[in-house]
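Data file: upload_13.json. Format and content: JSON, C-alpha atoms.
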[["chain", "number", "residue", "atom", "x", "y", "z"],
["A", 1, "MET", "CA", 22.88, 46.87, -64.57],
["A", 2, "LEU", "CA", 25.03, 46.89, -61.51],
["A", 3, "GLY", "CA", 28.32, 45.06, -61.63],
["A", 4, "GLY", "CA", 29.65, 42.75, -58.92],
["A", 5, "CYS", "CA", 31.67, 43.96, -56.01],
["A", 6, "SER", "CA", 35.37, 44.17, -56.61],
["A", 7, "GLY", "CA", 37.94, 42.95, -54.18],
["A", 8, "GLY", "CA", 36.16, 39.73, -53.97],
["A", 9, "GLY", "CA", 34.60, 38.25, -51.07],
["A", 10, "GLY", "CA", 31.08, 39.45, -50.27],
["A", 11, "ALA", "CA", 29.84, 40.86, -46.99],
["A", 12, "ALA", "CA", 32.16, 40.74, -44.04],
["A", 13, "ALA", "CA", 31.20, 38.27, -41.31],
["A", 14, "ALA", "CA", 29.62, 39.75, -38.19],
["A", 15, "PRO", "CA", 32.05, 39.94, -35.29],
["A", 16, "LYS", "CA", 31.72, 37.08, -32.84],
["A", 17, "ASP", "CA", 30.12, 37.91, -29.48],
["A", 18, "THR", "CA", 32.78, 37.37, -26.84],
["A", 19, "VAL", "CA", 31.43, 39.67, -24.10],
["A", 20, "PRO", "CA", 30.09, 37.69, -21.12],
["A", 21, "PRO", "CA", 26.93, 38.66, -19.21],
["A", 22, "ALA", "CA", 27.00, 40.39, -15.86],
["A", 23, "VAL", "CA", 27.54, 38.30, -12.74],
["A", 24, "PRO", "CA", 24.29, 37.28, -10.98],
["A", 25, "ALA", "CA", 23.89, 38.99, -7.61],
["A", 26, "GLY", "CA", 21.96, 38.24, -4.45],
["A", 27, "VAL", "CA", 22.70, 34.50, -4.37],
["A", 28, "THR", "CA", 21.22, 32.75, -1.33],
["A", 29, "VAL", "CA", 21.27, 29.06, -0.39],
["A", 30, "GLN", "CA", 19.15, 27.36, 2.24],
["A", 31, "ALA", "CA", 19.08, 23.76, 3.40],
["A", 32, "SER", "CA", 15.57, 22.49, 2.67],
["A", 33, "SER", "CA", 16.23, 19.03, 4.12],
["A", 34, "ALA", "CA", 19.10, 16.69, 4.95],
["A", 35, "THR", "CA", 19.54, 15.92, 1.25],
["A", 36, "SER", "CA", 18.46, 19.08, -0.60],
["A", 37, "VAL", "CA", 19.11, 22.81, -0.76],
["A", 38, "HIS", "CA", 17.27, 25.70, -2.42],
["A", 39, "VAL", "CA", 19.40, 28.15, -4.44],
["A", 40, "MET", "CA", 18.06, 31.59, -5.41],
["A", 41, "TRP", "CA", 19.54, 34.64, -7.13],
["A", 42, "GLU", "CA", 18.62, 37.96, -8.71],
["A", 43, "ARG", "CA", 18.13, 38.29, -12.44],
["A", 44, "ALA", "CA", 21.41, 39.35, -14.06],
["A", 45, "ALA", "CA", 21.80, 42.96, -15.19],
["A", 46, "GLU", "CA", 20.99, 43.48, -18.88],
["A", 47, "ALA", "CA", 18.82, 40.36, -18.58],
["A", 48, "GLU", "CA", 17.62, 40.64, -22.19],
["A", 49, "GLY", "CA", 21.00, 39.25, -23.27],
["A", 50, "VAL", "CA", 20.90, 36.32, -20.83],
["A", 51, "ALA", "CA", 19.86, 32.94, -22.26],
["A", 52, "GLY", "CA", 20.17, 30.95, -19.04],
["A", 53, "TYR", "CA", 21.90, 30.32, -15.72],
["A", 54, "GLU", "CA", 24.20, 27.59, -14.47],
["A", 55, "VAL", "CA", 24.58, 26.54, -10.83],
["A", 56, "PHE", "CA", 27.93, 25.16, -9.65],
["A", 57, "GLN", "CA", 28.96, 23.28, -6.54],
["A", 58, "ARG", "CA", 32.67, 23.87, -5.94],
["A", 59, "GLY", "CA", 33.32, 24.30, -9.67],
["A", 60, "THR", "CA", 31.15, 21.41, -10.87],
["A", 61, "ARG", "CA", 27.97, 22.33, -12.73],
["A", 62, "VAL", "CA", 24.94, 20.75, -11.06],
["A", 63, "LYS", "CA", 22.06, 22.61, -12.75],
["A", 64, "ALA", "CA", 21.40, 24.47, -16.02],
["A", 65, "LEU", "CA", 18.28, 26.62, -16.26],
["A", 66, "PRO", "CA", 16.52, 28.92, -18.76],
["A", 67, "ALA", "CA", 16.67, 32.70, -18.31],
["A", 68, "ALA", "CA", 13.18, 32.85, -16.79],
["A", 69, "LYS", "CA", 14.24, 30.76, -13.77],
["A", 70, "THR", "CA", 16.08, 32.35, -10.85],
["A", 71, "MET", "CA", 15.78, 29.53, -8.29],
["A", 72, "VAL", "CA", 16.31, 25.79, -8.21],
["A", 73, "ASP", "CA", 16.39, 22.84, -5.81],
["A", 74, "VAL", "CA", 19.59, 20.81, -5.73],
["A", 75, "GLU", "CA", 18.88, 17.31, -4.44],
["A", 76, "SER", "CA", 20.60, 13.98, -3.72],
["A", 77, "LEU", "CA", 23.06, 15.63, -1.32],
["A", 78, "GLU", "CA", 24.68, 14.08, 1.76],
["A", 79, "PRO", "CA", 23.28, 14.81, 5.24],
["A", 80, "GLY", "CA", 25.45, 16.83, 7.61],
["A", 81, "THR", "CA", 27.75, 18.00, 4.79],
["A", 82, "ALA", "CA", 29.09, 21.47, 3.88],
["A", 83, "TYR", "CA", 28.56, 22.71, 0.31],
["A", 84, "ASP", "CA", 29.55, 25.87, -1.58],
["A", 85, "PHE", "CA", 27.42, 27.14, -4.48],
["A", 86, "THR", "CA", 27.98, 29.75, -7.18],
["A", 87, "VAL", "CA", 25.79, 30.90, -10.09],
["A", 88, "ARG", "CA", 26.88, 32.04, -13.56],
["A", 89, "ALA", "CA", 24.81, 33.71, -16.30],
["A", 90, "LYS", "CA", 25.09, 32.48, -19.90],
["A", 91, "ASP", "CA", 24.25, 34.35, -23.12],
["A", 92, "ALA", "CA", 23.05, 33.06, -26.49],
["A", 93, "ALA", "CA", 26.62, 32.91, -27.80],
["A", 94, "GLY", "CA", 27.63, 30.58, -24.96],
["A", 95, "ASN", "CA", 29.62, 33.16, -22.99],
["A", 96, "LEU", "CA", 29.55, 32.53, -19.25],
["A", 97, "SER", "CA", 29.77, 35.30, -16.68],
["A", 98, "ALA", "CA", 32.29, 35.12, -13.88],
["A", 99, "PRO", "CA", 31.03, 33.09, -10.90],
["A", 100, "SER", "CA", 28.94, 34.83, -8.29],
["A", 101, "LYS", "CA", 30.25, 35.06, -4.77],
["A", 102, "ALA", "CA", 30.30, 31.55, -3.26],
["A", 103, "VAL", "CA", 27.63, 30.85, -0.65],
["A", 104, "SER", "CA", 28.12, 28.08, 1.90],
["A", 105, "VAL", "CA", 25.48, 25.87, 3.46],
["A", 106, "THR", "CA", 25.51, 22.73, 5.61],
["A", 107, "THR", "CA", 22.75, 20.15, 5.28],
["A", 108, "PRO", "CA", 21.29, 19.05, 8.63],
["A", 109, "ARG", "CA", 21.39, 15.53, 9.99],
["A", 110, "PRO", "CA", 17.91, 14.01, 10.27],
["A", 111, "LYS", "CA", 16.95, 12.09, 13.37],
["A", 112, "ARG", "CA", 16.96, 8.36, 12.83],
["A", 113, "ASP", "CA", 13.68, 6.87, 11.60],
["A", 114, "ASP", "CA", 11.91, 10.24, 11.49],
["A", 115, "ARG", "CA", 8.70, 9.47, 9.60],
["A", 116, "GLN", "CA", 6.39, 12.01, 11.24],
["A", 117, "PRO", "CA", 5.52, 14.94, 8.92],
["A", 118, "PRO", "CA", 5.03, 18.46, 10.28],
["A", 119, "THR", "CA", 1.58, 19.89, 10.78],
["A", 120, "ALA", "CA", 0.15, 22.00, 7.97],
["A", 121, "PRO", "CA", 0.91, 25.74, 8.11],
["A", 122, "ALA", "CA", -2.16, 27.57, 9.45],
["A", 123, "SER", "CA", -3.83, 30.94, 8.79],
["A", 124, "VAL", "CA", -2.21, 31.38, 5.39],
["A", 125, "ARG", "CA", -2.93, 34.84, 3.99],
["A", 126, "GLY", "CA", -1.90, 36.64, 0.84],
["A", 127, "LYS", "CA", -1.42, 40.18, -0.43],
["A", 128, "VAL", "CA", -1.03, 41.32, -4.04],
["A", 129, "GLU", "CA", 1.91, 43.71, -4.36],
["A", 130, "SER", "CA", 1.81, 44.32, -8.09],
["A", 131, "ALA", "CA", 0.93, 42.77, -11.44],
["A", 132, "ARG", "CA", 3.72, 40.22, -10.97],
["A", 133, "VAL", "CA", 4.34, 39.89, -7.21],
["A", 134, "VAL", "CA", 2.37, 38.53, -4.25],
["A", 135, "VAL", "CA", 3.34, 38.02, -0.60],
["A", 136, "LEU", "CA", 2.13, 35.10, 1.51],
["A", 137, "ASP", "CA", 2.37, 34.69, 5.28],
["A", 138, "TRP", "CA", 1.30, 31.96, 7.72],
["A", 139, "ARG", "CA", 1.50, 30.67, 11.27],
["A", 140, "PRO", "CA", 4.45, 28.32, 11.84],
["A", 141, "ALA", "CA", 3.91, 24.57, 11.60],
["A", 142, "LYS", "CA", 4.91, 22.12, 14.35],
["A", 143, "ASP", "CA", 7.23, 19.14, 14.00],
["A", 144, "ASP", "CA", 8.85, 16.74, 16.45],
["A", 145, "THR", "CA", 12.32, 17.34, 14.96],
["A", 146, "GLY", "CA", 11.87, 20.89, 13.65],
["A", 147, "VAL", "CA", 10.72, 22.46, 10.37],
["A", 148, "THR", "CA", 13.60, 23.09, 7.93],
["A", 149, "ALA", "CA", 11.66, 24.64, 5.02],
["A", 150, "TYR", "CA", 8.31, 25.89, 3.80],
["A", 151, "ASP", "CA", 7.38, 25.11, 0.19],
["A", 152, "VAL", "CA", 4.92, 27.25, -1.76],
["A", 153, "TYR", "CA", 2.80, 25.40, -4.32],
["A", 154, "GLN", "CA", 0.69, 26.74, -7.18],
["A", 155, "GLU", "CA", -1.61, 24.17, -8.80],
["A", 156, "ASP", "CA", 0.31, 21.26, -7.25],
["A", 157, "SER", "CA", 3.70, 22.55, -8.51],
["A", 158, "ARG", "CA", 6.34, 23.73, -6.05],
["A", 159, "ILE", "CA", 7.36, 27.21, -7.16],
["A", 160, "HIS", "CA", 9.19, 28.63, -4.15],
["A", 161, "SER", "CA", 10.85, 27.65, -0.85],
["A", 162, "VAL", "CA", 11.90, 29.60, 2.22],
["A", 163, "PRO", "CA", 13.78, 28.53, 5.37],
["A", 164, "GLY", "CA", 11.96, 26.89, 8.25],
["A", 165, "SER", "CA", 12.60, 29.99, 10.36],
["A", 166, "ALA", "CA", 10.52, 32.12, 7.94],
["A", 167, "ALA", "CA", 6.78, 32.71, 8.13],
["A", 168, "SER", "CA", 6.32, 34.52, 4.82],
["A", 169, "ALA", "CA", 7.33, 34.28, 1.17],
["A", 170, "ARG", "CA", 7.52, 36.79, -1.69],
["A", 171, "VAL", "CA", 6.52, 35.13, -4.97],
["A", 172, "GLU", "CA", 7.66, 36.90, -8.14],
["A", 173, "GLY", "CA", 7.48, 36.34, -11.89],
["A", 174, "LEU", "CA", 3.69, 36.02, -12.07],
["A", 175, "ARG", "CA", 1.43, 37.13, -14.94],
["A", 176, "PRO", "CA", -0.67, 40.30, -14.73],
["A", 177, "GLY", "CA", -4.42, 39.96, -14.28],
["A", 178, "THR", "CA", -4.22, 36.25, -13.50],
["A", 179, "VAL", "CA", -5.87, 34.23, -10.73],
["A", 180, "TYR", "CA", -3.56, 31.99, -8.71],
["A", 181, "SER", "CA", -4.28, 29.46, -5.97],
["A", 182, "PHE", "CA", -1.42, 29.02, -3.50],
["A", 183, "THR", "CA", -0.89, 26.44, -0.77],
["A", 184, "VAL", "CA", 2.02, 26.04, 1.65],
["A", 185, "ARG", "CA", 3.61, 22.86, 3.03],
["A", 186, "ALA", "CA", 6.12, 22.49, 5.84],
["A", 187, "ARG", "CA", 9.07, 20.13, 5.45],
["A", 188, "ASP", "CA", 11.52, 18.61, 7.98],
["A", 189, "ALA", "CA", 15.11, 17.39, 7.66],
["A", 190, "ALA", "CA", 13.99, 13.90, 6.70],
["A", 191, "ASP", "CA", 12.02, 15.35, 3.74],
["A", 192, "ASN", "CA", 8.67, 14.61, 5.36],
["A", 193, "SER", "CA", 6.13, 17.11, 3.99],
["A", 194, "SER", "CA", 3.04, 18.31, 5.79],
["A", 195, "PRO", "CA", -0.45, 18.27, 4.27],
["A", 196, "ASP", "CA", -1.38, 21.30, 2.17],
["A", 197, "SER", "CA", -2.45, 24.42, 3.98],
["A", 198, "ALA", "CA", -5.84, 25.87, 3.13],
["A", 199, "PRO", "CA", -5.63, 27.46, -0.34],
["A", 200, "VAL", "CA", -5.32, 31.22, -0.85],
["A", 201, "ASP", "CA", -6.71, 32.69, -4.08],
["A", 202, "LEU", "CA", -5.06, 35.86, -5.36],
["A", 203, "THR", "CA", -5.54, 37.77, -8.60],
["A", 204, "THR", "CA", -2.57, 39.82, -9.73],
["A", 205, "ARG", "CA", -3.19, 43.38, -10.82],
["A", 206, "SER", "CA", -3.93, 43.97, -14.48],
["A", 207, "GLY", "CA", -1.24, 45.47, -16.65],
["A", 208, "PRO", "CA", -1.74, 48.70, -18.60],
["A", 209, "GLY", "CA", -5.03, 48.54, -20.46],
["A", 210, "GLY", "CA", -5.98, 45.29, -18.70],
["A", 211, "ASP", "CA", -9.52, 43.96, -19.08],
["A", 212, "GLU", "CA", -11.95, 42.83, -16.40],
["A", 213, "PRO", "CA", -11.17, 39.41, -14.83],
["A", 214, "THR", "CA", -12.61, 36.51, -16.84],
["A", 215, "ALA", "CA", -12.01, 33.64, -14.40],
["A", 216, "PRO", "CA", -14.73, 31.93, -12.35],
["A", 217, "THR", "CA", -14.33, 32.70, -8.63],
["A", 218, "GLY", "CA", -15.11, 31.03, -5.31],
["A", 219, "LEU", "CA", -14.69, 27.47, -6.61],
["A", 220, "THR", "CA", -15.27, 24.76, -4.00],
["A", 221, "ALA", "CA", -15.04, 20.99, -4.45],
["A", 222, "THR", "CA", -16.69, 18.57, -2.02],
["A", 223, "ALA", "CA", -16.36, 14.78, -2.24],
["A", 224, "GLY", "CA", -19.27, 12.63, -1.12],
["A", 225, "LYS", "CA", -20.49, 9.10, -1.67],
["A", 226, "GLY", "CA", -19.99, 8.36, -5.35],
["A", 227, "GLU", "CA", -19.72, 12.00, -6.42],
["A", 228, "VAL", "CA", -17.86, 15.29, -6.29],
["A", 229, "VAL", "CA", -19.88, 18.50, -6.12],
["A", 230, "LEU", "CA", -18.46, 21.73, -7.56],
["A", 231, "ARG", "CA", -19.81, 25.21, -6.80],
["A", 232, "TRP", "CA", -18.55, 28.52, -8.18],
["A", 233, "THR", "CA", -19.51, 32.03, -9.33],
["A", 234, "PRO", "CA", -19.24, 32.68, -13.08],
["A", 235, "PRO", "CA", -17.34, 35.81, -14.18],
["A", 236, "GLU", "CA", -19.15, 39.08, -14.86],
["A", 237, "THR", "CA", -19.20, 39.35, -18.65],
["A", 238, "GLY", "CA", -22.22, 41.59, -19.31],
["A", 239, "ALA", "CA", -24.12, 38.57, -20.68],
["A", 240, "PRO", "CA", -25.18, 35.14, -19.39],
["A", 241, "VAL", "CA", -22.37, 32.55, -19.22],
["A", 242, "ARG", "CA", -23.85, 29.38, -20.71],
["A", 243, "GLU", "CA", -20.77, 27.14, -20.95],
["A", 244, "HIS", "CA", -17.84, 26.16, -18.77],
["A", 245, "GLN", "CA", -15.00, 23.73, -19.40],
["A", 246, "LEU", "CA", -14.00, 21.39, -16.57],
["A", 247, "TYR", "CA", -10.36, 20.31, -16.32],
["A", 248, "LEU", "CA", -9.51, 17.28, -14.20],
["A", 249, "ASN", "CA", -5.89, 16.71, -13.13],
["A", 250, "GLY", "CA", -4.75, 19.29, -15.69],
["A", 251, "LYS", "CA", -6.61, 17.74, -18.64],
["A", 252, "PHE", "CA", -9.89, 18.69, -20.29],
["A", 253, "ALA", "CA", -12.70, 16.48, -18.94],
["A", 254, "THR", "CA", -16.05, 17.86, -20.13],
["A", 255, "THR", "CA", -18.03, 20.94, -21.15],
["A", 256, "ILE", "CA", -20.77, 22.05, -18.75],
["A", 257, "VAL", "CA", -23.64, 23.55, -20.75],
["A", 258, "TRP", "CA", -26.92, 25.13, -19.68],
["A", 259, "GLY", "CA", -29.45, 24.68, -22.46],
["A", 260, "GLY", "CA", -31.74, 27.38, -21.12],
["A", 261, "GLU", "CA", -31.09, 30.37, -18.91],
["A", 262, "PRO", "CA", -28.04, 29.68, -16.71],
["A", 263, "PRO", "CA", -28.47, 29.91, -12.93],
["A", 264, "ALA", "CA", -28.25, 33.36, -11.37],
["A", 265, "GLY", "CA", -25.37, 33.82, -8.93],
["A", 266, "GLN", "CA", -23.62, 30.62, -7.87],
["A", 267, "ALA", "CA", -23.47, 27.67, -10.28],
["A", 268, "ALA", "CA", -23.07, 23.99, -9.40],
["A", 269, "TYR", "CA", -22.09, 20.77, -11.14],
["A", 270, "THR", "CA", -21.79, 17.17, -9.90],
["A", 271, "PHE", "CA", -19.68, 14.42, -11.45],
["A", 272, "ALA", "CA", -19.63, 10.74, -10.55],
["A", 273, "VAL", "CA", -16.72, 9.14, -8.67],
["A", 274, "THR", "CA", -15.69, 5.58, -9.56],
["A", 275, "ASP", "CA", -12.06, 5.58, -8.41],
["A", 276, "PRO", "CA", -11.11, 4.03, -5.04],
["A", 277, "PRO", "CA", -10.97, 5.98, -1.76],
["A", 278, "GLY", "CA", -7.84, 8.09, -1.39],
["A", 279, "THR", "CA", -7.82, 9.06, -5.08],
["A", 280, "ARG", "CA", -6.81, 12.69, -5.45],
["A", 281, "TYR", "CA", -8.43, 15.00, -8.00],
["A", 282, "SER", "CA", -7.37, 18.51, -9.04],
["A", 283, "VAL", "CA", -10.17, 20.52, -10.64],
["A", 284, "LYS", "CA", -10.44, 23.93, -12.29],
["A", 285, "LEU", "CA", -12.88, 25.69, -14.63],
["A", 286, "ARG", "CA", -12.98, 28.34, -17.31],
["A", 287, "ALA", "CA", -15.97, 30.11, -18.84],
["A", 288, "LYS", "CA", -16.94, 30.72, -22.47],
["A", 289, "LEU", "CA", -17.13, 34.49, -22.95],
["A", 290, "PRO", "CA", -19.73, 36.35, -25.03],
["A", 291, "ASP", "CA", -17.21, 36.81, -27.86],
["A", 292, "GLY", "CA", -16.83, 33.01, -28.17],
["A", 293, "THR", "CA", -13.37, 32.82, -26.60],
["A", 294, "TRP", "CA", -12.49, 31.00, -23.36],
["A", 295, "GLY", "CA", -11.65, 33.09, -20.31],
["A", 296, "ASP", "CA", -8.95, 32.54, -17.71],
["A", 297, "PHE", "CA", -8.93, 29.47, -15.47],
["A", 298, "SER", "CA", -10.33, 29.59, -11.98],
["A", 299, "ALA", "CA", -8.16, 28.80, -9.00],
["A", 300, "GLN", "CA", -7.49, 25.07, -8.79],
["A", 301, "ARG", "CA", -9.02, 22.95, -6.05],
["A", 302, "THR", "CA", -7.87, 19.54, -4.82],
["A", 303, "VAL", "CA", -10.25, 16.96, -3.38],
["A", 304, "VAL", "CA", -9.66, 13.40, -2.10],
["A", 305, "VAL", "CA", -12.22, 10.59, -2.47],
["A", 306, "PRO", "CA", -13.28, 9.69, 1.09],
["A", 307, "PRO", "CA", -13.64, 6.13, 2.41],
["A", 308, "GLY", "CA", -16.78, 4.44, 1.14],
["A", 309, "ALA", "CA", -17.21, 6.93, -1.72],
["A", 310, "GLY", "CA", -16.34, 4.61, -4.56]]
Could I get this structure in the form of structure tokens?
Amino acid sequence: MLGGCSGGGGAAAAPKDTVPPAVPAGVTVQASSATSVHVMWERAAEAEGVAGYEVFQRGTRVKALPAAKTMVDVESLEPGTAYDFTVRAKDAAGNLSAPSKAVSVTTPRPKRDDRQPPTAPASVRGKVESARVVVLDWRPAKDDTGVTAYDVYQEDSRIHSVPGSAASARVEGLRPGTVYSFTVRARDAADNSSPDSAPVDLTTRSGPGGDEPTAPTGLTATAGKGEVVLRWTPPETGAPVREHQLYLNGKFATTIVWGGEPPAGQAAYTFAVTDPPGTRYSVKLRAKLPDGTWGDFSAQRTVVVPPGAG
């Protein structure tokens, strides 16, 4: 039988982590409107030890974000005002890096009573760079007071912004082998946003050992009198796809089942519309695979109930 340790006290406590993370680099700040700016930065070196980031405006913290986020919108600012922003990385022990180099920006002054939104960006195109990066480009929008920013949306969520002088955006941090549907909106100094551009569907490259895509493709949604008609192409699975799940506004709505042999090529489904004109629906689908699991979601489509459709 082993005796107890002499000298009394058990295992020594692990030394406290007091080493701060590296300083974030590549900080940029752009004025998105008269009352908001978009702050971006590069992931800190040795990012595996970073638990989050904090954004400061002249020494006052204005945003705290998880490690996966490297951009943020700072809102409720004053028009025509100069601001200085810095970013600091934070580790799990609470150590903060030194501040990044300060970046200055001045919010524009909107023209009085500007209520006219810009036109939608046109000819939006996309290119897949890698398993996690895509590049979008478009023709500039028009606005009576000038476009101050372009916002990139994915499934109705704004995920990226670039200055109004830009006509392209590089979107990072995506998942390999995943289908995405991007739209772009233009914004002016008064925070008027344009309608969505036409959607662009892109599938990121598969990672090592990636499987064939499992998402339905070519989804369209058309609103008519009292109904919305969906059409799409089921994924190639090596066997008939007999079931799809329909999600409406991000929530499961129904299962679409073919009792017999499913249609060859393009499939279609119609659901009734009872909500008033102007109601906005977001729809997406996923297929049941031969192994009984559900595949990836299709690109999302947005449709608006037209007048007289209710």
Take CA of Lys251 (chain A) and CA of Ala186 (chain A) and report the distance between them in Å, one decimal.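 We find that CA of Lys251 (chain A) and CA of Ala186 (chain A) lie 28.0 Å from each other.
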Residue nearest Gln30 (chain A) among A:Glu261, A:Asp73, A:Glu54, A:Glu42 (counting only C-alpha atoms):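 Between A:Glu261, A:Asp73, A:Glu54, A:Glu42, the residue approaching Gln30 (chain A) most closely is A:Asp73.
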Would you mind telling me which residue in A:Ser32, A:Thr145, A:Thr81, A:Asn95 lies nearest to Pro110 (chain A) when using all atoms listed in the file?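 Among the listed residues, the smallest separation from Pro110 (chain A) belongs to A:Thr145.
Of the listed residues (A:Trp41, A:Thr270, A:Val133, A:Ala198), A:Trp41 comes nearest to Ala67 (chain A); the distances count only C-alpha atoms.
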What's around region 272-274 of chain A at 9 Å? Count only C-alpha atoms, leave out sequence neighbours fewer than 3 positions away in its own chain, and write the answer as a list in words.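 Close residues of region 272-274 of chain A: Ala223, Gly224, Lys225, Gly226, Glu227, Val228, Val229, Val305, Ala309 and Gly310 of chain A.
Shortest separation to Thr222 (chain A) among A:Lys127, A:Arg175, A:Lys284, A:Arg301 occurs at residue A:Arg301, atoms counted being only C-alpha atoms.
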Show which residues sit within 10 Å of Val72 (chain A), as number ranges by chain. Count all atoms listed in the file, and ignore same-chain residues fewer than 4 positions away. A: 29, 37-41, 55, 63-65, 159-161
Nearest residue to Arg158 (chain A) from the set A:Val200, A:Met71, A:Ala239, A:Ala22 (distances using only C-alpha atoms): A:Met71
Return the single residue from A:Thr28, A:Ala44, A:Pro307, A:Ala215 that is closest to Ser97 (chain A), with distances computed using only C-alpha atoms.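 Checking each candidate against Ser97 (chain A), we get A:Ala44 as the closest.
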CA of Ala189 (chain A) sits from CA of Val147 (chain A) at a separation of 7.2 Å
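Residues in contact with Tyr180 (chain A) at up to 6 Å, not including ones fewer than 3 positions away on its chain and judged by all atoms listed in the file, are Asp201, Leu202 and Ala299 of chain A.
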Just give me the residues with any atom within 12 Å of (0.2, 19.9, -7.8), file coordinates, counting all atoms listed in the file, written as a compact mmCIF listing (two decimals) with C-alpha atoms, keeping the file's coordinate frame.
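Full text of result_19.txt as output:
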# COMPACT_ATOMS: atom_id res chain seq x y z
CA ASP A 151 7.38 25.11 0.19
CA VAL A 152 4.92 27.25 -1.76
CA TYR A 153 2.80 25.40 -4.32
CA GLN A 154 0.69 26.74 -7.18
CA GLU A 155 -1.61 24.17 -8.80
CA ASP A 156 0.31 21.26 -7.25
CA SER A 157 3.70 22.55 -8.51
CA ARG A 158 6.34 23.73 -6.05
CA ILE A 159 7.36 27.21 -7.16
CA SER A 181 -4.28 29.46 -5.97
CA PHE A 182 -1.42 29.02 -3.50
CA THR A 183 -0.89 26.44 -0.77
CA VAL A 184 2.02 26.04 1.65
CA ARG A 185 3.61 22.86 3.03
CA ASP A 196 -1.38 21.30 2.17
CA LEU A 248 -9.51 17.28 -14.20
CA ASN A 249 -5.89 16.71 -13.13
CA GLY A 250 -4.75 19.29 -15.69
CA ARG A 280 -6.81 12.69 -5.45
CA TYR A 281 -8.43 15.00 -8.00
CA SER A 282 -7.37 18.51 -9.04
CA VAL A 283 -10.17 20.52 -10.64
CA GLN A 300 -7.49 25.07 -8.79
CA ARG A 301 -9.02 22.95 -6.05
CA THR A 302 -7.87 19.54 -4.82
CA VAL A 303 -10.25 16.96 -3.38
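Note that CA of Pro21 (chain A) and CA of Arg88 (chain A) are 8.7 Å apart.
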Centre and edges of the region 178-183 of chain A box, axis-aligned, 8 Å extra per side, as JSON:
{"center_x": -3.4, "center_y": 31.3, "center_z": -7.1, "size_x": 21.0, "size_y": 25.8, "size_z": 28.7}
